[in-house]
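Q: Contents of target.cif (mmCIF, C-alpha atoms and all ligand atoms):
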```cif
data_entry
loop_
_atom_site.group_PDB
_atom_site.id
_atom_site.type_symbol
_atom_site.label_atom_id
_atom_site.label_comp_id
_atom_site.auth_asym_id
_atom_site.auth_seq_id
_atom_site.Cartn_x
_atom_site.Cartn_y
_atom_site.Cartn_z
ATOM 1 C CA MET A 1 16.754 13.321 -29.352
ATOM 2 C CA SER A 2 14.614 10.653 -27.748
ATOM 3 C CA THR A 3 12.652 10.980 -24.492
ATOM 4 C CA LYS A 4 13.990 8.522 -21.899
ATOM 5 C CA VAL A 5 11.137 6.786 -20.092
ATOM 6 C CA VAL A 6 11.165 4.708 -16.897
ATOM 7 C CA ILE A 7 8.209 2.405 -16.307
ATOM 8 C CA GLN A 8 7.310 2.021 -12.638
ATOM 9 C CA GLY A 9 5.150 -1.109 -12.151
ATOM 10 C CA ALA A 10 6.812 -2.685 -15.212
ATOM 11 C CA ALA A 11 5.739 -6.275 -14.438
ATOM 12 C CA GLY A 12 2.055 -5.375 -14.086
ATOM 13 C CA ARG A 13 -0.741 -5.495 -16.667
ATOM 14 C CA MET A 14 -0.278 -1.840 -17.639
ATOM 15 C CA GLY A 15 3.505 -1.870 -17.237
ATOM 16 C CA LYS A 16 3.899 -4.695 -19.761
ATOM 17 C CA MET A 17 1.529 -3.018 -22.213
ATOM 18 C CA LEU A 18 3.522 0.238 -21.929
ATOM 19 C CA ILE A 19 6.791 -1.579 -22.603
ATOM 20 C CA ARG A 20 5.268 -3.352 -25.624
ATOM 21 C CA CYS A 21 4.035 -0.027 -27.047
ATOM 22 C CA ILE A 22 7.456 1.638 -26.516
ATOM 23 C CA GLN A 23 9.348 -1.264 -28.079
ATOM 24 C CA GLU A 24 6.943 -1.336 -31.034
ATOM 25 C CA GLN A 25 7.419 2.474 -31.376
ATOM 26 C CA LYS A 26 3.712 3.201 -31.276
ATOM 27 C CA VAL A 27 4.567 6.738 -30.095
ATOM 28 C CA ALA A 28 7.570 8.243 -31.876
ATOM 29 C CA GLY A 29 10.674 9.378 -29.996
ATOM 30 C CA LEU A 30 10.368 7.362 -26.766
ATOM 31 C CA GLU A 31 13.124 5.125 -25.435
ATOM 32 C CA LEU A 32 12.856 2.658 -22.543
ATOM 33 C CA ALA A 33 15.436 3.768 -19.948
ATOM 34 C CA GLY A 34 14.295 1.733 -16.951
ATOM 35 C CA ALA A 35 11.774 -0.892 -15.853
ATOM 36 C CA ILE A 36 11.013 -1.082 -12.129
ATOM 37 C CA ASP A 37 8.854 -3.344 -10.009
ATOM 38 C CA LEU A 38 8.910 -5.012 -6.582
ATOM 39 C CA TRP A 39 11.483 -7.644 -5.570
ATOM 40 C CA ASP A 40 8.916 -10.466 -5.429
ATOM 41 C CA VAL A 41 7.778 -10.421 -9.070
ATOM 42 C CA PRO A 42 9.069 -13.468 -10.968
ATOM 43 C CA ASP A 43 10.804 -11.659 -13.866
ATOM 44 C CA ILE A 44 13.186 -9.469 -11.808
ATOM 45 C CA GLY A 45 16.634 -9.542 -13.452
ATOM 46 C CA LYS A 46 15.275 -10.493 -16.888
ATOM 47 C CA ASP A 47 15.228 -8.263 -19.962
ATOM 48 C CA ALA A 48 12.175 -5.999 -19.595
ATOM 49 C CA GLY A 49 11.214 -6.266 -23.272
ATOM 50 C CA LEU A 50 11.281 -10.067 -23.283
ATOM 51 C CA ALA A 51 9.421 -10.169 -19.942
ATOM 52 C CA ALA A 52 6.701 -7.982 -21.486
ATOM 53 C CA GLY A 53 6.366 -10.340 -24.460
ATOM 54 C CA THR A 54 8.058 -8.114 -27.026
ATOM 55 C CA LYS A 55 11.543 -7.650 -28.485
ATOM 56 C CA GLU A 56 14.638 -7.377 -26.286
ATOM 57 C CA ALA A 57 15.009 -3.925 -24.699
ATOM 58 C CA GLY A 58 18.563 -4.097 -23.350
ATOM 59 C CA VAL A 59 17.073 -2.878 -20.051
ATOM 60 C CA LYS A 60 16.665 -5.221 -17.109
ATOM 61 C CA LEU A 61 13.607 -5.366 -14.885
ATOM 62 C CA THR A 62 14.966 -4.195 -11.505
ATOM 63 C CA THR A 63 13.792 -2.806 -8.171
ATOM 64 C CA ASP A 64 16.068 0.260 -8.007
ATOM 65 C CA LEU A 65 14.236 3.375 -9.164
ATOM 66 C CA ALA A 66 17.014 5.640 -7.849
ATOM 67 C CA ALA A 67 19.516 3.993 -10.215
ATOM 68 C CA VAL A 68 17.610 4.962 -13.386
ATOM 69 C CA ALA A 69 15.136 7.798 -12.690
ATOM 70 C CA PRO A 70 17.463 10.777 -12.055
ATOM 71 C CA GLY A 71 18.988 10.425 -15.550
ATOM 72 C CA ALA A 72 15.634 9.843 -17.278
ATOM 73 C CA ASP A 73 13.174 12.396 -18.694
ATOM 74 C CA VAL A 74 9.897 10.846 -17.488
ATOM 75 C CA ILE A 75 8.676 8.216 -15.018
ATOM 76 C CA ILE A 76 5.367 6.541 -15.892
ATOM 77 C CA ASP A 77 3.732 5.106 -12.780
ATOM 78 C CA PHE A 78 1.086 2.366 -12.884
ATOM 79 C CA THR A 79 1.622 0.764 -9.467
ATOM 80 C CA SER A 80 -0.390 1.119 -6.274
ATOM 81 C CA HIS A 81 -1.555 4.154 -4.306
ATOM 82 C CA PHE A 82 1.071 3.815 -1.545
ATOM 83 C CA GLY A 83 3.880 3.135 -4.042
ATOM 84 C CA THR A 84 3.040 6.305 -5.952
ATOM 85 C CA ALA A 85 2.818 8.564 -2.896
ATOM 86 C CA GLY A 86 5.928 6.988 -1.332
ATOM 87 C CA ASN A 87 8.085 8.078 -4.279
ATOM 88 C CA ALA A 88 6.793 11.663 -4.569
ATOM 89 C CA GLU A 89 9.492 13.324 -2.490
ATOM 90 C CA ARG A 90 12.479 11.775 -4.242
ATOM 91 C CA ILE A 91 10.965 12.250 -7.719
ATOM 92 C CA ALA A 92 10.645 15.967 -6.898
ATOM 93 C CA GLU A 93 14.334 16.003 -5.879
ATOM 94 C CA TRP A 94 15.423 14.243 -9.075
ATOM 95 C CA LYS A 95 13.379 16.742 -11.163
ATOM 96 C CA THR A 96 12.146 13.909 -13.390
ATOM 97 C CA ALA A 97 8.755 14.550 -15.040
ATOM 98 C CA TRP A 98 6.025 12.174 -13.857
ATOM 99 C CA VAL A 99 2.981 10.555 -15.456
ATOM 100 C CA ILE A 100 0.670 8.931 -12.895
ATOM 101 C CA GLY A 101 -2.008 6.472 -14.010
ATOM 102 C CA THR A 102 -2.300 4.779 -10.623
ATOM 103 C CA THR A 103 -5.710 5.202 -8.997
ATOM 104 C CA GLY A 104 -7.129 4.932 -5.475
ATOM 105 C CA LEU A 105 -4.891 7.558 -3.814
ATOM 106 C CA SER A 106 -6.161 8.930 -0.485
ATOM 107 C CA ASP A 107 -6.337 12.682 0.145
ATOM 108 C CA ALA A 108 -3.054 12.488 2.109
ATOM 109 C CA GLU A 109 -1.395 10.606 -0.778
ATOM 110 C CA LEU A 110 -2.736 13.134 -3.299
ATOM 111 C CA ALA A 111 -1.235 15.894 -1.148
ATOM 112 C CA GLU A 112 2.201 14.256 -1.641
ATOM 113 C CA VAL A 113 1.702 14.332 -5.421
ATOM 114 C CA ASN A 114 0.594 17.973 -5.267
ATOM 115 C CA LYS A 115 3.719 18.854 -3.294
ATOM 116 C CA ALA A 116 5.930 17.167 -5.924
ATOM 117 C CA ALA A 117 4.080 19.012 -8.718
ATOM 118 C CA LYS A 118 5.455 22.288 -7.361
ATOM 119 C CA LYS A 119 8.929 21.104 -8.427
ATOM 120 C CA VAL A 120 8.294 18.823 -11.453
ATOM 121 C CA PRO A 121 5.678 18.602 -14.208
ATOM 122 C CA VAL A 122 3.131 15.874 -13.395
ATOM 123 C CA VAL A 123 0.266 14.482 -15.481
ATOM 124 C CA MET A 124 -2.223 12.565 -13.379
ATOM 125 C CA ALA A 125 -5.445 10.991 -14.645
ATOM 126 C CA GLY A 126 -7.649 8.148 -13.480
ATOM 127 C CA ASN A 127 -8.099 7.296 -17.151
ATOM 128 C CA MET A 128 -5.647 8.111 -19.926
ATOM 129 C CA SER A 129 -7.831 7.201 -22.928
ATOM 130 C CA LEU A 130 -8.976 9.821 -25.421
ATOM 131 C CA GLY A 131 -12.508 8.390 -25.370
ATOM 132 C CA ILE A 132 -13.035 8.753 -21.612
ATOM 133 C CA ASN A 133 -11.566 12.233 -21.516
ATOM 134 C CA LEU A 134 -13.920 13.304 -24.297
ATOM 135 C CA LEU A 135 -16.808 11.537 -22.537
ATOM 136 C CA CYS A 136 -16.141 13.640 -19.401
ATOM 137 C CA ASN A 137 -16.922 16.758 -21.420
ATOM 138 C CA LEU A 138 -20.132 15.212 -22.832
ATOM 139 C CA VAL A 139 -21.214 14.098 -19.338
ATOM 140 C CA LYS A 140 -20.611 17.571 -17.946
ATOM 141 C CA GLU A 141 -22.730 19.128 -20.665
ATOM 142 C CA ALA A 142 -25.557 16.600 -20.288
ATOM 143 C CA ALA A 143 -25.601 16.981 -16.485
ATOM 144 C CA LYS A 144 -25.743 20.759 -16.859
ATOM 145 C CA ALA A 145 -28.829 20.454 -19.052
ATOM 146 C CA LEU A 146 -30.593 17.641 -17.195
ATOM 147 C CA HIS A 147 -29.945 17.800 -13.442
ATOM 148 C CA ALA A 148 -31.973 20.972 -12.942
ATOM 149 C CA LYS A 149 -34.827 19.279 -14.853
ATOM 150 C CA GLY A 150 -34.939 16.543 -12.228
ATOM 151 C CA TYR A 151 -32.882 13.796 -13.912
ATOM 152 C CA ASP A 152 -31.068 11.460 -11.492
ATOM 153 C CA ILE A 153 -27.385 10.739 -12.184
ATOM 154 C CA GLU A 154 -25.760 7.369 -11.436
ATOM 155 C CA VAL A 155 -22.376 5.914 -12.476
ATOM 156 C CA ILE A 156 -22.009 2.191 -13.136
ATOM 157 C CA GLU A 157 -18.544 0.672 -13.687
ATOM 158 C CA ARG A 158 -17.386 -2.869 -14.468
ATOM 159 C CA HIS A 159 -13.825 -4.179 -14.132
ATOM 160 C CA HIS A 160 -11.815 -7.404 -13.953
ATOM 161 C CA ASN A 161 -11.769 -9.440 -10.744
ATOM 162 C CA GLN A 162 -8.225 -8.359 -9.743
ATOM 163 C CA LYS A 163 -8.996 -4.653 -9.441
ATOM 164 C CA LYS A 164 -8.249 -3.418 -5.931
ATOM 165 C CA ASP A 165 -9.940 -0.009 -5.656
ATOM 166 C CA ALA A 166 -13.617 0.906 -6.010
ATOM 167 C CA PRO A 167 -15.197 2.953 -7.388
ATOM 168 C CA SER A 168 -12.669 3.127 -10.214
ATOM 169 C CA GLY A 169 -10.619 6.262 -10.837
ATOM 170 C CA THR A 170 -12.508 6.618 -14.119
ATOM 171 C CA ALA A 171 -15.899 6.401 -12.412
ATOM 172 C CA LEU A 172 -14.765 9.194 -10.080
ATOM 173 C CA MET A 173 -13.598 11.306 -13.047
ATOM 174 C CA LEU A 174 -16.998 10.849 -14.713
ATOM 175 C CA GLY A 175 -18.823 11.519 -11.437
ATOM 176 C CA LYS A 176 -16.792 14.706 -10.952
ATOM 177 C CA ALA A 177 -17.640 15.824 -14.501
ATOM 178 C CA ALA A 178 -21.340 15.183 -13.814
ATOM 179 C CA ALA A 179 -21.169 17.014 -10.467
ATOM 180 C CA ASP A 180 -19.401 19.987 -12.071
ATOM 181 C CA GLY A 181 -22.049 20.156 -14.811
ATOM 182 C CA ALA A 182 -24.874 19.862 -12.289
ATOM 183 C CA GLY A 183 -23.346 22.446 -9.943
ATOM 184 C CA LEU A 184 -22.882 19.855 -7.158
ATOM 185 C CA ASP A 185 -19.967 19.087 -4.817
ATOM 186 C CA LEU A 186 -19.005 15.443 -5.440
ATOM 187 C CA ASN A 187 -17.663 15.125 -1.868
ATOM 188 C CA LYS A 188 -21.221 15.692 -0.650
ATOM 189 C CA SER A 189 -23.111 13.983 -3.500
ATOM 190 C CA GLN A 190 -21.172 10.687 -3.796
ATOM 191 C CA VAL A 191 -23.125 7.624 -2.593
ATOM 192 C CA ASP A 192 -21.251 4.314 -2.992
ATOM 193 C CA GLY A 193 -23.634 1.450 -3.706
ATOM 194 C CA ARG A 194 -26.828 1.098 -1.720
ATOM 195 C CA THR A 195 -27.756 -1.583 0.740
ATOM 196 C CA GLY A 196 -30.231 -2.156 3.564
ATOM 197 C CA MET A 197 -32.817 0.608 3.848
ATOM 198 C CA PRO A 198 -31.165 3.784 2.551
ATOM 199 C CA GLY A 199 -34.604 5.283 1.835
ATOM 200 C CA ALA A 200 -35.697 7.126 -1.278
ATOM 201 C CA ARG A 201 -33.022 8.645 -3.458
ATOM 202 C CA THR A 202 -32.329 12.335 -2.832
ATOM 203 C CA LYS A 203 -32.176 14.768 -5.741
ATOM 204 C CA ASP A 204 -28.516 15.736 -5.395
ATOM 205 C CA GLU A 205 -26.936 12.341 -4.867
ATOM 206 C CA ILE A 206 -24.732 10.664 -7.481
ATOM 207 C CA GLY A 207 -24.666 6.901 -6.967
ATOM 208 C CA PHE A 208 -21.604 4.774 -7.826
ATOM 209 C CA HIS A 209 -21.913 1.043 -8.502
ATOM 210 C CA ALA A 210 -18.867 -1.219 -8.943
ATOM 211 C CA VAL A 211 -19.206 -4.602 -10.690
ATOM 212 C CA ARG A 212 -16.175 -6.970 -10.601
ATOM 213 C CA GLY A 213 -15.656 -10.066 -12.724
ATOM 214 C CA GLY A 214 -13.504 -11.998 -15.195
ATOM 215 C CA ASP A 215 -11.107 -10.028 -17.357
ATOM 216 C CA ILE A 216 -13.242 -6.941 -18.110
ATOM 217 C CA VAL A 217 -10.775 -4.196 -19.128
ATOM 218 C CA GLY A 218 -13.115 -1.361 -18.086
ATOM 219 C CA ASP A 219 -16.753 -0.426 -18.830
ATOM 220 C CA HIS A 220 -18.324 2.824 -17.612
ATOM 221 C CA THR A 221 -21.844 4.164 -17.974
ATOM 222 C CA VAL A 222 -23.249 7.443 -16.705
ATOM 223 C CA LEU A 223 -26.999 7.073 -16.434
ATOM 224 C CA MET A 224 -29.281 10.098 -16.372
ATOM 225 C CA ALA A 225 -32.813 8.986 -15.602
ATOM 226 C CA GLY A 226 -35.833 11.258 -15.865
ATOM 227 C CA THR A 227 -39.544 10.624 -16.029
ATOM 228 C CA GLY A 228 -40.299 8.416 -19.023
ATOM 229 C CA GLU A 229 -36.765 8.351 -20.418
ATOM 230 C CA MET A 230 -33.171 7.459 -19.668
ATOM 231 C CA ILE A 231 -29.914 8.597 -21.236
ATOM 232 C CA GLU A 232 -26.829 6.387 -20.978
ATOM 233 C CA LEU A 233 -23.402 7.759 -21.866
ATOM 234 C CA SER A 234 -21.070 4.767 -22.091
ATOM 235 C CA HIS A 235 -17.467 3.857 -22.810
ATOM 236 C CA ARG A 236 -16.012 0.398 -23.236
ATOM 237 C CA ALA A 237 -12.258 -0.226 -23.225
ATOM 238 C CA THR A 238 -11.496 -3.349 -25.250
ATOM 239 C CA SER A 239 -7.715 -3.267 -24.729
ATOM 240 C CA ARG A 240 -5.289 -1.673 -22.248
ATOM 241 C CA GLU A 241 -3.512 -0.260 -25.282
ATOM 242 C CA THR A 242 -5.845 2.751 -25.188
ATOM 243 C CA PHE A 243 -4.581 3.656 -21.665
ATOM 244 C CA ALA A 244 -0.961 2.925 -22.594
ATOM 245 C CA MET A 245 -1.093 5.130 -25.690
ATOM 246 C CA GLY A 246 -2.589 7.947 -23.609
ATOM 247 C CA ALA A 247 0.152 7.568 -20.982
ATOM 248 C CA LEU A 248 2.914 7.522 -23.619
ATOM 249 C CA ASN A 249 1.525 10.623 -25.351
ATOM 250 C CA ALA A 250 1.353 12.245 -21.908
ATOM 251 C CA ALA A 251 5.015 11.293 -21.310
ATOM 252 C CA ALA A 252 6.152 12.913 -24.571
ATOM 253 C CA TRP A 253 4.093 16.032 -23.688
ATOM 254 C CA VAL A 254 4.976 16.388 -19.998
ATOM 255 C CA ALA A 255 8.723 16.232 -20.637
ATOM 256 C CA GLN A 256 8.388 19.666 -22.301
ATOM 257 C CA GLN A 257 6.293 21.322 -19.552
ATOM 258 C CA LYS A 258 7.020 23.545 -16.546
ATOM 259 C CA PRO A 259 6.368 22.177 -13.024
ATOM 260 C CA GLY A 260 2.667 21.839 -12.211
ATOM 261 C CA LEU A 261 -0.148 19.315 -11.996
ATOM 262 C CA TYR A 262 -1.735 18.617 -15.393
ATOM 263 C CA SER A 263 -4.636 16.445 -16.575
ATOM 264 C CA MET A 264 -5.202 14.448 -19.761
ATOM 265 C CA GLN A 265 -7.520 17.275 -20.839
ATOM 266 C CA ASP A 266 -4.365 19.448 -20.951
ATOM 267 C CA VAL A 267 -2.398 16.788 -22.854
ATOM 268 C CA LEU A 268 -5.163 16.211 -25.391
ATOM 269 C CA GLY A 269 -6.108 19.870 -25.711
ATOM 270 C CA LEU A 270 -9.773 19.105 -25.048
HETATM 271 N N1 LIG B 1 -5.185 5.849 -15.545
HETATM 272 C C1 LIG B 1 -5.490 4.837 -16.376
HETATM 273 O O1 LIG B 1 -5.788 5.018 -17.565
HETATM 274 C C2 LIG B 1 -5.433 3.424 -15.833
HETATM 275 C C3 LIG B 1 -5.665 2.324 -16.661
HETATM 276 C C4 LIG B 1 -5.494 1.034 -16.134
HETATM 277 C C5 LIG B 1 -5.126 0.874 -14.799
HETATM 278 N N2 LIG B 1 -4.947 1.981 -14.030
HETATM 279 C C6 LIG B 1 -4.470 1.873 -12.647
HETATM 280 O O2 LIG B 1 -3.080 1.575 -12.675
HETATM 281 C C7 LIG B 1 -2.714 0.799 -11.525
HETATM 282 C C8 LIG B 1 -2.038 -0.489 -11.978
HETATM 283 O O3 LIG B 1 -2.960 -1.262 -12.713
HETATM 284 P P1 LIG B 1 -2.547 -2.707 -13.289
HETATM 285 O O4 LIG B 1 -3.816 -3.299 -13.798
HETATM 286 O O5 LIG B 1 -1.369 -2.593 -14.183
HETATM 287 O O6 LIG B 1 -2.145 -3.430 -11.908
HETATM 288 P P2 LIG B 1 -1.173 -4.675 -11.705
HETATM 289 O O7 LIG B 1 -1.441 -5.145 -10.310
HETATM 290 O O8 LIG B 1 -1.262 -5.640 -12.849
HETATM 291 O O9 LIG B 1 0.300 -4.010 -11.770
HETATM 292 C C9 LIG B 1 0.837 -3.178 -10.788
HETATM 293 C C10 LIG B 1 2.337 -3.470 -10.716
HETATM 294 O O10 LIG B 1 2.935 -2.492 -9.875
HETATM 295 C C11 LIG B 1 3.870 -3.157 -9.026
HETATM 296 N N3 LIG B 1 4.071 -2.306 -7.858
HETATM 297 C C12 LIG B 1 3.244 -2.070 -6.812
HETATM 298 N N4 LIG B 1 3.813 -1.211 -5.942
HETATM 299 C C13 LIG B 1 5.020 -0.879 -6.484
HETATM 300 C C14 LIG B 1 6.075 -0.023 -6.066
HETATM 301 N N5 LIG B 1 6.015 0.662 -4.927
HETATM 302 N N6 LIG B 1 7.181 0.075 -6.855
HETATM 303 C C15 LIG B 1 7.280 -0.632 -8.012
HETATM 304 N N7 LIG B 1 6.314 -1.457 -8.448
HETATM 305 C C16 LIG B 1 5.198 -1.572 -7.696
HETATM 306 C C17 LIG B 1 3.230 -4.512 -8.728
HETATM 307 O O11 LIG B 1 4.180 -5.458 -8.300
HETATM 308 C C18 LIG B 1 2.627 -4.859 -10.101
HETATM 309 O O12 LIG B 1 3.545 -5.554 -10.907
HETATM 310 C C19 LIG B 1 -4.016 0.597 -10.736
HETATM 311 O O13 LIG B 1 -4.110 1.614 -9.772
HETATM 312 C C20 LIG B 1 -5.101 0.784 -11.806
HETATM 313 O O14 LIG B 1 -6.337 1.205 -11.265
HETATM 314 C C21 LIG B 1 -5.090 3.234 -14.512
#
```
The structure given in the file should be rewritten as structure tokens.

A:
Amino acid sequence: MSTKVVIQGAAGRMGKMLIRCIQEQKVAGLELAGAIDLWDVPDIGKDAGLAAGTKEAGVKLTTDLAAVAPGADVIIDFTSHFGTAGNAERIAEWKTAWVIGTTGLSDAELAEVNKAAKKVPVVMAGNMSLGINLLCNLVKEAAKALHAKGYDIEVIERHHNQKKDAPSGTALMLGKAAADGAGLDLNKSQVDGRTGMPGARTKDEIGFHAVRGGDIVGDHTVLMAGTGEMIELSHRATSRETFAMGALNAAAWVAQQKPGLYSMQDVLGL
């Protein structure tokens, strides 16, 4: 039996890529059961497959999540931080599993997701690619070995000029991995950009630097700089397909899980 998937944010960059991957059956056993976006996107009312630039899906792009989600197995959400948090309560009521790729949620919005995860299985990750999730483990190990030896850790990320949040969810994942390895608390160590006269760098800070331009899909580098040498652990996404494939694998996995909040590390068994 197939897993029925609703795409929330279906007219967006990620939403269209997800629909293309489902329609082209890049992950076996998934069926598009709904495609939801806001009323003001131009393709509302059209076939979601055709709107995404792939074959006809027989599912229209609509605005009514409540009409499709309760009967579906999984909702995949790539929208905006307030959209995600705003749906948490009703998704918990519907008992539909949830994959969240949306980034930039505030602590209060994350609390809404956590509350929902007590009733439904949720996978949430600032980056759904295999490469980044593996890189987190490498960063953690390198930070563990190097921070105590005096190496400074900085995260540099580059994204397209339409990205709304900064630093990226991925940069924060990598920063958290570095902080965990170094035995630091990221809430205390995070320094976003530097300007004016911040003074000399302190040993325990982790700097984040966000570059925005053109159509960059997503570049991340964790720099560990010591005396006389520098290590750079980097990842470059060349297509959104890597995130979409991660999200679709997460959807197939989460539909079989008990309620709880899971990460891509759980999905990938890393
Ligand atoms: N976790 C990952 O691997 C990963 C990868 C890429 C992007 N992202 C994140 O996913 C999100 C979307 O990225 P994008 O590049 O596709 O953005 P986008 O702006 O191209 O698409 C977002 C879509 O969501 C729609 N939307 C917003 N609020 C909504 C709501 N309440 N209900 C329904 N639809 C709503 C918008 O109209 C838009 O069509 C961002 O937060 C981005 O940072 C995460």

Q: Give as a ChimeraX atom specification the residues surrounding ligand LIG 1 (chain B) up to a distance of 7 Å, considering only C-alpha atoms and all ligand atoms.

A: /A:8-15,36-38,41,63,78-84,101-104,125-129,163,165,168-169,240,243

Q: Would you please work out which residue, of A:Ile100, A:Ala51, A:Val6, A:Leu268, is nearest to Met124 of chain A when using only C-alpha atoms?

A: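 Between A:Ile100, A:Ala51, A:Val6, A:Leu268, the residue approaching Met124 of chain A most closely is A:Ile100.
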
Q: At a cut-off of 6 Å, using all atoms listed in the file, what residues contact Leu61 of chain A? Leave out same-chain residues fewer than 4 positions from it and give the result as a PyMOL selection string.

A: chain A and resi 35-36+44-46+48

Q: Would you kindly return, as a PyMOL selection string, each protein, DNA or RNA residue with an atom no farther than 6 Å from any atom of segment 223-236 of chain A, considering all atoms listed in the file and excluding same-chain residues fewer than 6 positions away?

A: chain A and resi 151-154

Q: Excluding segment 207-218 of chain A and any residue of its chain fewer than 4 positions from it, enumerate the residues within 8 Å of it, using all atoms listed in the file, and give them as a ChimeraX atom specification.

A: /A:153-161,163,166-168,171,190-193,236-240

Q: Evaluated on this file, the PyMOL selection byres (((chain A and resi 118) around 6) and not hetatm) picks out some residues - which ones are they, written as an MDAnalysis selection string?

A: chainID A and resid 115:117 119 259:260

Q: Might you pull out every residue within 10 Å of Lys4 of chain A, with all atoms listed in the file counted and same-chain residues fewer than 5 positions away left off, and present them as a compact mmCIF listing (two decimals) with C-alpha atoms, in the coordinates of the input?

A:
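So the final result, stored in out_29.txt, reads:
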```
# COMPACT_ATOMS: atom_id res chain seq x y z
CA GLY A 29 10.67 9.38 -30.00
CA LEU A 30 10.37 7.36 -26.77
CA GLU A 31 13.12 5.12 -25.44
CA LEU A 32 12.86 2.66 -22.54
CA ALA A 33 15.44 3.77 -19.95
CA GLY A 34 14.30 1.73 -16.95
CA VAL A 68 17.61 4.96 -13.39
CA ALA A 69 15.14 7.80 -12.69
CA GLY A 71 18.99 10.42 -15.55
CA ALA A 72 15.63 9.84 -17.28
CA ASP A 73 13.17 12.40 -18.69
CA VAL A 74 9.90 10.85 -17.49
CA ILE A 75 8.68 8.22 -15.02
CA ALA A 251 5.01 11.29 -21.31
CA ALA A 252 6.15 12.91 -24.57
CA ALA A 255 8.72 16.23 -20.64
```

Q: Compare A:Ile76, A:Val222, A:Pro42, A:Ala66 by their minimum atom-to-atom distance to Arg90 of chain A, counting only C-alpha atoms, and give me the closest one.

A: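 Smallest distance to Arg90 of chain A is found for A:Ala66.
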
Q: Once the PyMOL selection byres (((chain A and resi 177) around 8) and not hetatm) has been evaluated on this model, what residues remain selected, and can you format them as a ChimeraX atom specification?

A: /A:136-137,139-140,173-176,178-181

Q: Identify which of the residues A:Ala142, A:Ile22, A:Leu105, A:Val99 lies closest to Val123 of chain A, counting only C-alpha atoms when measuring atom-to-atom distances.

A: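 The closest residue to Val123 of chain A is A:Val99.
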
Q: Take atom CA of Glu89 of chain A and atom CA of Val120 of chain A and report the distance between them in Å, one decimal.

A: 10.6 Å

Q: For a test of reading the model, state the distance in Å between atom CA of Val267 of chain A and atom CA of Val59 of chain A, rounded to one decimal.

A: 27.8 Å

Q: Give as a PyMOL selection string the residues that the PyMOL selection byres (((chain A and resi 49) around 9) and not hetatm) matches when applied to the coordinates above.

A: chain A and resi 16+19-20+23+46-48+50-61

Q: With C-alpha atoms retained, write the just-selected residues as a PDB file, in the coordinates of the input.

A:
```pdb
ATOM      1  CA  LYS A  16       3.899  -4.695 -19.761  1.00  0.00           C
ATOM      2  CA  ILE A  19       6.791  -1.579 -22.603  1.00  0.00           C
ATOM      3  CA  ARG A  20       5.268  -3.352 -25.624  1.00  0.00           C
ATOM      4  CA  GLN A  23       9.348  -1.264 -28.079  1.00  0.00           C
ATOM      5  CA  LYS A  46      15.275 -10.493 -16.888  1.00  0.00           C
ATOM      6  CA  ASP A  47      15.228  -8.263 -19.962  1.00  0.00           C
ATOM      7  CA  ALA A  48      12.175  -5.999 -19.595  1.00  0.00           C
ATOM      8  CA  LEU A  50      11.281 -10.067 -23.283  1.00  0.00           C
ATOM      9  CA  ALA A  51       9.421 -10.169 -19.942  1.00  0.00           C
ATOM     10  CA  ALA A  52       6.701  -7.982 -21.486  1.00  0.00           C
ATOM     11  CA  GLY A  53       6.366 -10.340 -24.460  1.00  0.00           C
ATOM     12  CA  THR A  54       8.058  -8.114 -27.026  1.00  0.00           C
ATOM     13  CA  LYS A  55      11.543  -7.650 -28.485  1.00  0.00           C
ATOM     14  CA  GLU A  56      14.638  -7.377 -26.286  1.00  0.00           C
ATOM     15  CA  ALA A  57      15.009  -3.925 -24.699  1.00  0.00           C
ATOM     16  CA  GLY A  58      18.563  -4.097 -23.350  1.00  0.00           C
ATOM     17  CA  VAL A  59      17.073  -2.878 -20.051  1.00  0.00           C
ATOM     18  CA  LYS A  60      16.665  -5.221 -17.109  1.00  0.00           C
ATOM     19  CA  LEU A  61      13.607  -5.366 -14.885  1.00  0.00           C
TER      20      LEU A  61
END
```

Q: Hey, which of A:Ala97, A:Ala143, A:Ile206, A:Leu248 ends up closest to Gly183 of chain A? Count all atoms listed in the file.

A: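 Closest to Gly183 of chain A of all the choices is A:Ala143.
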